[in-house]
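Written below as structure tokens is the structure these notes are about.
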Amino acid sequence: MMESVQPNSPFGIASLFNTIRSNKLFEMVVVTVILFSALLTGAKTYDISPQFLTIIEWLDYSITLFFLLEISIRFFAEEKKRNFFKSAWNIFDSLIVIVSMIPIEDSELALVGRLIRIFRVLRMVSVIPELRTLLNSLLKALPQLGYVALLMFIIVYIYAAVGTTFFAHINATLWGDITVSMLTLFRVMTFEDWTDVMYETMAVYPISWVFYITFIFLNAFAFLNMLIGIVVNTMEQENAEQWQIDHAGEPTLIDLSRQVEELKQLIEKRHS
């Protein structure tokens, strides 16, 4: 007769907590508490009565205890406890919860305590897999984005030098030196009243519109689309890798096609 797993055995405890952790209702409760925690953090920025502030403080302590319970469930759900700390997100969540429990509200580190409670909103990323995929895609795309940003900086620097050379005598506030010119070009790139800047220089150099149009085409259109393309491509690769992990061991279309071809060859040999 097969022996049943006892509830007090390590495997039974891990299985029980893993069931709780994987429950969709539990995930929704965690997300709701994180959002509620963010609302409480925002409520503290308003001028509220001391009574209401006391209620918020008690709710904040309750949320911290809930997060401690939630992180404990995730910890005990691991069959090998060491694997829990192999995830950077688990370490981040644990640090946030531990620091939030330190009573530093009435000390010189009160500002640190408030900042830690603000960062609790980031736990939304560790709870929702889709957000983790987005963030991982962004982090993986950073090296390629860095090269595009470097090329953008070179183009802005060149245009800023040209703008300072030709337009400094028109408006020293906008084109007085290369640093100010780069800020002005950033304003042009974000389309913040850039036509006022262009018309001012066109009053002296009518053909200066070419300067602005080419700059906007390179930075606001070409490079921006390159950045978007890199991020989207990285997200597709990340989703493909995640799909392979989630469907590991399942036959792919190539495997099925090969099996069908092998069956055809086997049938042909039998009939020959």
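If you're wondering about the labels, chains in the structure tokens are A, B, ... by order shown, residues count from 1 in each chain, ligands from 1 in order shown.
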Helix (DSSP H, G or I) call set, DSSP backbone run, segment 155-213 of chain A, as a PDB file with N, CA, C and O atoms, in the first residue's frame:
```pdb
ATOM      1  N   ILE A 155      25.416  63.045 -32.566  1.00  0.00           N
ATOM      2  CA  ILE A 155      24.666  63.896 -33.492  1.00  0.00           C
ATOM      3  C   ILE A 155      24.232  65.189 -32.801  1.00  0.00           C
ATOM      4  O   ILE A 155      24.357  66.285 -33.364  1.00  0.00           O
ATOM      5  N   VAL A 156      23.735  65.091 -31.573  1.00  0.00           N
ATOM      6  CA  VAL A 156      23.315  66.283 -30.841  1.00  0.00           C
ATOM      7  C   VAL A 156      24.502  67.204 -30.599  1.00  0.00           C
ATOM      8  O   VAL A 156      24.388  68.434 -30.718  1.00  0.00           O
ATOM      9  N   TYR A 157      25.647  66.629 -30.275  1.00  0.00           N
ATOM     10  CA  TYR A 157      26.843  67.440 -30.017  1.00  0.00           C
ATOM     11  C   TYR A 157      27.259  68.201 -31.272  1.00  0.00           C
ATOM     12  O   TYR A 157      27.603  69.392 -31.203  1.00  0.00           O
ATOM     13  N   ILE A 158      27.208  67.523 -32.419  1.00  0.00           N
ATOM     14  CA  ILE A 158      27.587  68.183 -33.680  1.00  0.00           C
ATOM     15  C   ILE A 158      26.610  69.315 -33.999  1.00  0.00           C
ATOM     16  O   ILE A 158      27.026  70.440 -34.335  1.00  0.00           O
ATOM     17  N   TYR A 159      25.321  69.037 -33.884  1.00  0.00           N
ATOM     18  CA  TYR A 159      24.319  70.070 -34.164  1.00  0.00           C
ATOM     19  C   TYR A 159      24.421  71.218 -33.158  1.00  0.00           C
ATOM     20  O   TYR A 159      24.194  72.385 -33.510  1.00  0.00           O
ATOM     21  N   ALA A 160      24.742  70.901 -31.899  1.00  0.00           N
ATOM     22  CA  ALA A 160      24.896  71.955 -30.898  1.00  0.00           C
ATOM     23  C   ALA A 160      26.072  72.856 -31.237  1.00  0.00           C
ATOM     24  O   ALA A 160      25.995  74.090 -31.071  1.00  0.00           O
ATOM     25  N   ALA A 161      27.169  72.266 -31.713  1.00  0.00           N
ATOM     26  CA  ALA A 161      28.325  73.074 -32.107  1.00  0.00           C
ATOM     27  C   ALA A 161      27.980  73.977 -33.279  1.00  0.00           C
ATOM     28  O   ALA A 161      28.360  75.162 -33.310  1.00  0.00           O
ATOM     29  N   VAL A 162      27.247  73.435 -34.247  1.00  0.00           N
ATOM     30  CA  VAL A 162      26.829  74.249 -35.400  1.00  0.00           C
ATOM     31  C   VAL A 162      25.883  75.357 -34.948  1.00  0.00           C
ATOM     32  O   VAL A 162      26.002  76.517 -35.382  1.00  0.00           O
ATOM     33  N   GLY A 163      24.924  75.013 -34.074  1.00  0.00           N
ATOM     34  CA  GLY A 163      23.981  76.017 -33.594  1.00  0.00           C
ATOM     35  C   GLY A 163      24.655  77.136 -32.828  1.00  0.00           C
ATOM     36  O   GLY A 163      24.301  78.315 -32.998  1.00  0.00           O
ATOM     37  N   THR A 164      25.632  76.792 -31.998  1.00  0.00           N
ATOM     38  CA  THR A 164      26.361  77.822 -31.256  1.00  0.00           C
ATOM     39  C   THR A 164      27.130  78.738 -32.201  1.00  0.00           C
ATOM     40  O   THR A 164      27.187  79.962 -31.995  1.00  0.00           O
ATOM     41  N   THR A 165      27.705  78.161 -33.236  1.00  0.00           N
ATOM     42  CA  THR A 165      28.499  78.952 -34.189  1.00  0.00           C
ATOM     43  C   THR A 165      27.641  79.956 -34.937  1.00  0.00           C
ATOM     44  O   THR A 165      28.047  81.119 -35.122  1.00  0.00           O
ATOM     45  N   PHE A 166      26.454  79.560 -35.360  1.00  0.00           N
ATOM     46  CA  PHE A 166      25.642  80.422 -36.221  1.00  0.00           C
ATOM     47  C   PHE A 166      24.579  81.228 -35.469  1.00  0.00           C
ATOM     48  O   PHE A 166      24.187  82.305 -35.932  1.00  0.00           O
ATOM     49  N   PHE A 167      24.085  80.708 -34.335  1.00  0.00           N
ATOM     50  CA  PHE A 167      22.922  81.335 -33.712  1.00  0.00           C
ATOM     51  C   PHE A 167      23.219  82.016 -32.378  1.00  0.00           C
ATOM     52  O   PHE A 167      22.310  82.591 -31.770  1.00  0.00           O
ATOM     53  N   ALA A 172      21.605  84.458 -27.156  1.00  0.00           N
ATOM     54  CA  ALA A 172      22.642  83.836 -26.327  1.00  0.00           C
ATOM     55  C   ALA A 172      22.044  82.939 -25.251  1.00  0.00           C
ATOM     56  O   ALA A 172      22.707  82.023 -24.757  1.00  0.00           O
ATOM     57  N   THR A 173      20.801  83.179 -24.883  1.00  0.00           N
ATOM     58  CA  THR A 173      20.162  82.357 -23.859  1.00  0.00           C
ATOM     59  C   THR A 173      19.960  80.925 -24.345  1.00  0.00           C
ATOM     60  O   THR A 173      20.072  79.973 -23.566  1.00  0.00           O
ATOM     61  N   LEU A 174      19.668  80.774 -25.636  1.00  0.00           N
ATOM     62  CA  LEU A 174      19.426  79.452 -26.202  1.00  0.00           C
ATOM     63  C   LEU A 174      20.646  78.847 -26.873  1.00  0.00           C
ATOM     64  O   LEU A 174      20.774  77.621 -26.946  1.00  0.00           O
ATOM     65  N   TRP A 175      21.552  79.677 -27.382  1.00  0.00           N
ATOM     66  CA  TRP A 175      22.677  79.187 -28.174  1.00  0.00           C
ATOM     67  C   TRP A 175      24.021  79.762 -27.700  1.00  0.00           C
ATOM     68  O   TRP A 175      24.991  79.784 -28.454  1.00  0.00           O
ATOM     69  N   ILE A 178      27.897  75.492 -26.014  1.00  0.00           N
ATOM     70  CA  ILE A 178      27.489  74.182 -26.534  1.00  0.00           C
ATOM     71  C   ILE A 178      26.585  73.435 -25.544  1.00  0.00           C
ATOM     72  O   ILE A 178      25.704  72.676 -25.967  1.00  0.00           O
ATOM     73  N   THR A 179      26.766  73.664 -24.246  1.00  0.00           N
ATOM     74  CA  THR A 179      25.903  72.995 -23.262  1.00  0.00           C
ATOM     75  C   THR A 179      24.471  73.495 -23.352  1.00  0.00           C
ATOM     76  O   THR A 179      23.517  72.703 -23.401  1.00  0.00           O
ATOM     77  N   VAL A 180      24.315  74.816 -23.413  1.00  0.00           N
ATOM     78  CA  VAL A 180      22.982  75.402 -23.539  1.00  0.00           C
ATOM     79  C   VAL A 180      22.365  75.016 -24.881  1.00  0.00           C
ATOM     80  O   VAL A 180      21.156  74.762 -24.971  1.00  0.00           O
ATOM     81  N   SER A 181      23.182  74.940 -25.926  1.00  0.00           N
ATOM     82  CA  SER A 181      22.677  74.554 -27.245  1.00  0.00           C
ATOM     83  C   SER A 181      22.156  73.126 -27.235  1.00  0.00           C
ATOM     84  O   SER A 181      21.137  72.820 -27.870  1.00  0.00           O
ATOM     85  N   MET A 182      22.828  72.240 -26.490  1.00  0.00           N
ATOM     86  CA  MET A 182      22.346  70.862 -26.387  1.00  0.00           C
ATOM     87  C   MET A 182      21.007  70.799 -25.668  1.00  0.00           C
ATOM     88  O   MET A 182      20.122  70.017 -26.045  1.00  0.00           O
ATOM     89  N   LEU A 183      20.836  71.619 -24.643  1.00  0.00           N
ATOM     90  CA  LEU A 183      19.537  71.686 -23.959  1.00  0.00           C
ATOM     91  C   LEU A 183      18.458  72.224 -24.890  1.00  0.00           C
ATOM     92  O   LEU A 183      17.310  71.748 -24.878  1.00  0.00           O
ATOM     93  N   THR A 184      18.818  73.215 -25.703  1.00  0.00           N
ATOM     94  CA  THR A 184      17.860  73.763 -26.663  1.00  0.00           C
ATOM     95  C   THR A 184      17.461  72.707 -27.688  1.00  0.00           C
ATOM     96  O   THR A 184      16.277  72.580 -28.046  1.00  0.00           O
ATOM     97  N   LEU A 185      18.439  71.925 -28.139  1.00  0.00           N
ATOM     98  CA  LEU A 185      18.143  70.867 -29.103  1.00  0.00           C
ATOM     99  C   LEU A 185      17.301  69.765 -28.467  1.00  0.00           C
ATOM    100  O   LEU A 185      16.473  69.147 -29.146  1.00  0.00           O
ATOM    101  N   PHE A 186      17.500  69.522 -27.185  1.00  0.00           N
ATOM    102  CA  PHE A 186      16.643  68.553 -26.502  1.00  0.00           C
ATOM    103  C   PHE A 186      15.202  69.058 -26.465  1.00  0.00           C
ATOM    104  O   PHE A 186      14.258  68.289 -26.626  1.00  0.00           O
ATOM    105  N   ARG A 187      15.051  70.365 -26.281  1.00  0.00           N
ATOM    106  CA  ARG A 187      13.720  70.980 -26.339  1.00  0.00           C
ATOM    107  C   ARG A 187      13.128  70.814 -27.727  1.00  0.00           C
ATOM    108  O   ARG A 187      11.938  70.492 -27.869  1.00  0.00           O
ATOM    109  N   VAL A 188      13.940  70.993 -28.752  1.00  0.00           N
ATOM    110  CA  VAL A 188      13.457  70.808 -30.129  1.00  0.00           C
ATOM    111  C   VAL A 188      13.070  69.356 -30.361  1.00  0.00           C
ATOM    112  O   VAL A 188      12.045  69.057 -30.984  1.00  0.00           O
ATOM    113  N   MET A 189      13.883  68.437 -29.832  1.00  0.00           N
ATOM    114  CA  MET A 189      13.638  67.012 -30.030  1.00  0.00           C
ATOM    115  C   MET A 189      12.339  66.566 -29.372  1.00  0.00           C
ATOM    116  O   MET A 189      11.676  65.628 -29.843  1.00  0.00           O
ATOM    117  N   TRP A 194       9.197  74.203 -30.323  1.00  0.00           N
ATOM    118  CA  TRP A 194      10.412  74.270 -31.134  1.00  0.00           C
ATOM    119  C   TRP A 194      10.260  75.214 -32.320  1.00  0.00           C
ATOM    120  O   TRP A 194      11.259  75.763 -32.825  1.00  0.00           O
ATOM    121  N   THR A 195       9.024  75.435 -32.755  1.00  0.00           N
ATOM    122  CA  THR A 195       8.833  76.351 -33.890  1.00  0.00           C
ATOM    123  C   THR A 195       9.211  77.792 -33.524  1.00  0.00           C
ATOM    124  O   THR A 195       9.669  78.553 -34.388  1.00  0.00           O
ATOM    125  N   ASP A 196       9.025  78.186 -32.247  1.00  0.00           N
ATOM    126  CA  ASP A 196       9.437  79.524 -31.827  1.00  0.00           C
ATOM    127  C   ASP A 196      10.943  79.696 -31.974  1.00  0.00           C
ATOM    128  O   ASP A 196      11.427  80.758 -32.396  1.00  0.00           O
ATOM    129  N   VAL A 197      11.690  78.637 -31.628  1.00  0.00           N
ATOM    130  CA  VAL A 197      13.145  78.686 -31.773  1.00  0.00           C
ATOM    131  C   VAL A 197      13.527  78.771 -33.242  1.00  0.00           C
ATOM    132  O   VAL A 197      14.422  79.542 -33.635  1.00  0.00           O
ATOM    133  N   MET A 198      12.840  78.001 -34.065  1.00  0.00           N
ATOM    134  CA  MET A 198      13.172  77.994 -35.497  1.00  0.00           C
ATOM    135  C   MET A 198      12.850  79.326 -36.158  1.00  0.00           C
ATOM    136  O   MET A 198      13.680  79.862 -36.912  1.00  0.00           O
ATOM    137  N   TYR A 199      11.685  79.881 -35.869  1.00  0.00           N
ATOM    138  CA  TYR A 199      11.309  81.147 -36.514  1.00  0.00           C
ATOM    139  C   TYR A 199      12.235  82.284 -36.088  1.00  0.00           C
ATOM    140  O   TYR A 199      12.491  83.214 -36.851  1.00  0.00           O
ATOM    141  N   GLU A 200      12.760  82.215 -34.867  1.00  0.00           N
ATOM    142  CA  GLU A 200      13.672  83.257 -34.406  1.00  0.00           C
ATOM    143  C   GLU A 200      14.961  83.263 -35.222  1.00  0.00           C
ATOM    144  O   GLU A 200      15.475  84.323 -35.574  1.00  0.00           O
ATOM    145  N   THR A 201      15.487  82.090 -35.520  1.00  0.00           N
ATOM    146  CA  THR A 201      16.714  82.034 -36.329  1.00  0.00           C
ATOM    147  C   THR A 201      16.426  82.237 -37.808  1.00  0.00           C
ATOM    148  O   THR A 201      17.279  82.748 -38.541  1.00  0.00           O
ATOM    149  N   MET A 202      15.235  81.857 -38.248  1.00  0.00           N
ATOM    150  CA  MET A 202      14.891  82.061 -39.657  1.00  0.00           C
ATOM    151  C   MET A 202      14.764  83.544 -40.002  1.00  0.00           C
ATOM    152  O   MET A 202      14.900  83.923 -41.176  1.00  0.00           O
ATOM    153  N   PRO A 206      17.145  82.615 -43.270  1.00  0.00           N
ATOM    154  CA  PRO A 206      15.900  82.014 -43.764  1.00  0.00           C
ATOM    155  C   PRO A 206      16.013  80.520 -44.040  1.00  0.00           C
ATOM    156  O   PRO A 206      15.019  79.784 -43.916  1.00  0.00           O
ATOM    157  N   ILE A 207      17.208  80.053 -44.381  1.00  0.00           N
ATOM    158  CA  ILE A 207      17.366  78.636 -44.722  1.00  0.00           C
ATOM    159  C   ILE A 207      17.671  77.773 -43.490  1.00  0.00           C
ATOM    160  O   ILE A 207      17.902  76.570 -43.610  1.00  0.00           O
ATOM    161  N   SER A 208      17.649  78.367 -42.301  1.00  0.00           N
ATOM    162  CA  SER A 208      17.987  77.612 -41.091  1.00  0.00           C
ATOM    163  C   SER A 208      16.955  76.541 -40.760  1.00  0.00           C
ATOM    164  O   SER A 208      17.205  75.693 -39.893  1.00  0.00           O
ATOM    165  N   TRP A 209      15.827  76.550 -41.442  1.00  0.00           N
ATOM    166  CA  TRP A 209      14.837  75.494 -41.198  1.00  0.00           C
ATOM    167  C   TRP A 209      15.401  74.121 -41.533  1.00  0.00           C
ATOM    168  O   TRP A 209      14.987  73.101 -40.955  1.00  0.00           O
ATOM    169  N   VAL A 210      16.364  74.086 -42.455  1.00  0.00           N
ATOM    170  CA  VAL A 210      16.999  72.814 -42.796  1.00  0.00           C
ATOM    171  C   VAL A 210      17.698  72.217 -41.574  1.00  0.00           C
ATOM    172  O   VAL A 210      17.688  70.999 -41.364  1.00  0.00           O
ATOM    173  N   PHE A 211      18.299  73.078 -40.786  1.00  0.00           N
ATOM    174  CA  PHE A 211      18.996  72.648 -39.570  1.00  0.00           C
ATOM    175  C   PHE A 211      18.040  71.909 -38.641  1.00  0.00           C
ATOM    176  O   PHE A 211      18.367  70.831 -38.120  1.00  0.00           O
ATOM    177  N   TYR A 212      16.866  72.450 -38.436  1.00  0.00           N
ATOM    178  CA  TYR A 212      15.905  71.866 -37.496  1.00  0.00           C
ATOM    179  C   TYR A 212      15.233  70.618 -38.069  1.00  0.00           C
ATOM    180  O   TYR A 212      15.049  69.622 -37.361  1.00  0.00           O
ATOM    181  N   ILE A 213      14.871  70.665 -39.340  1.00  0.00           N
ATOM    182  CA  ILE A 213      14.171  69.529 -39.950  1.00  0.00           C
ATOM    183  C   ILE A 213      15.066  68.299 -39.987  1.00  0.00           C
ATOM    184  O   ILE A 213      14.628  67.192 -39.652  1.00  0.00           O
TER     185      ILE A 213
END
```
Original post:
Which polymer residues have any atom within 12 Å of an atom of segment 24-26 of chain A, counting only C-alpha atoms, with same-chain residues fewer than 3 positions away left out, as a list in words?
Top reply: Phe17, Asn18, Thr19, Ile20, Arg21, Val29, Val30, Val31, Thr32, Val33, Phe66, Leu69, Glu70, Ile73, Arg74, Val127 and Ile128 of chain A
**OP:** Write out as a ChimeraX atom specification the residues lying within 12 Å of Gly146 of chain A, counting only C-alpha atoms and excluding same-chain residues fewer than 5 positions away.
**Re:** /A:138-141,151-153,223,226-227,230-231
Name the residues in contact with Leu65 of chain A at a cut-off of 10 Å, using only C-alpha atoms, excluding same-chain residues fewer than 5 positions from it; report them as a PDB file with C-alpha atoms, in the first residue's frame.
```pdb
ATOM      1  CA  LEU A  59      -2.596  49.932   8.376  1.00  0.00           C
ATOM      2  CA  ASP A  60       0.998  50.285   7.272  1.00  0.00           C
ATOM      3  CA  GLU A  70       3.597  36.338   1.969  1.00  0.00           C
ATOM      4  CA  ILE A  71       7.381  36.134   1.700  1.00  0.00           C
ATOM      5  CA  VAL A  97      10.145  43.445   4.025  1.00  0.00           C
ATOM      6  CA  SER A 100      10.154  47.856   6.574  1.00  0.00           C
ATOM      7  CA  MET A 101       9.898  46.053   9.922  1.00  0.00           C
TER       8      MET A 101
END
```
Subject >> Point-to-point distance from atom CA of Leu53 of chain A to atom CA of Ile116 of chain A, Å rounded to tenths >> reply: 18.4 Å
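The space separating atom CA of Ser62 of chain A from atom CA of Val99 of chain A comes to 14.7 Å.
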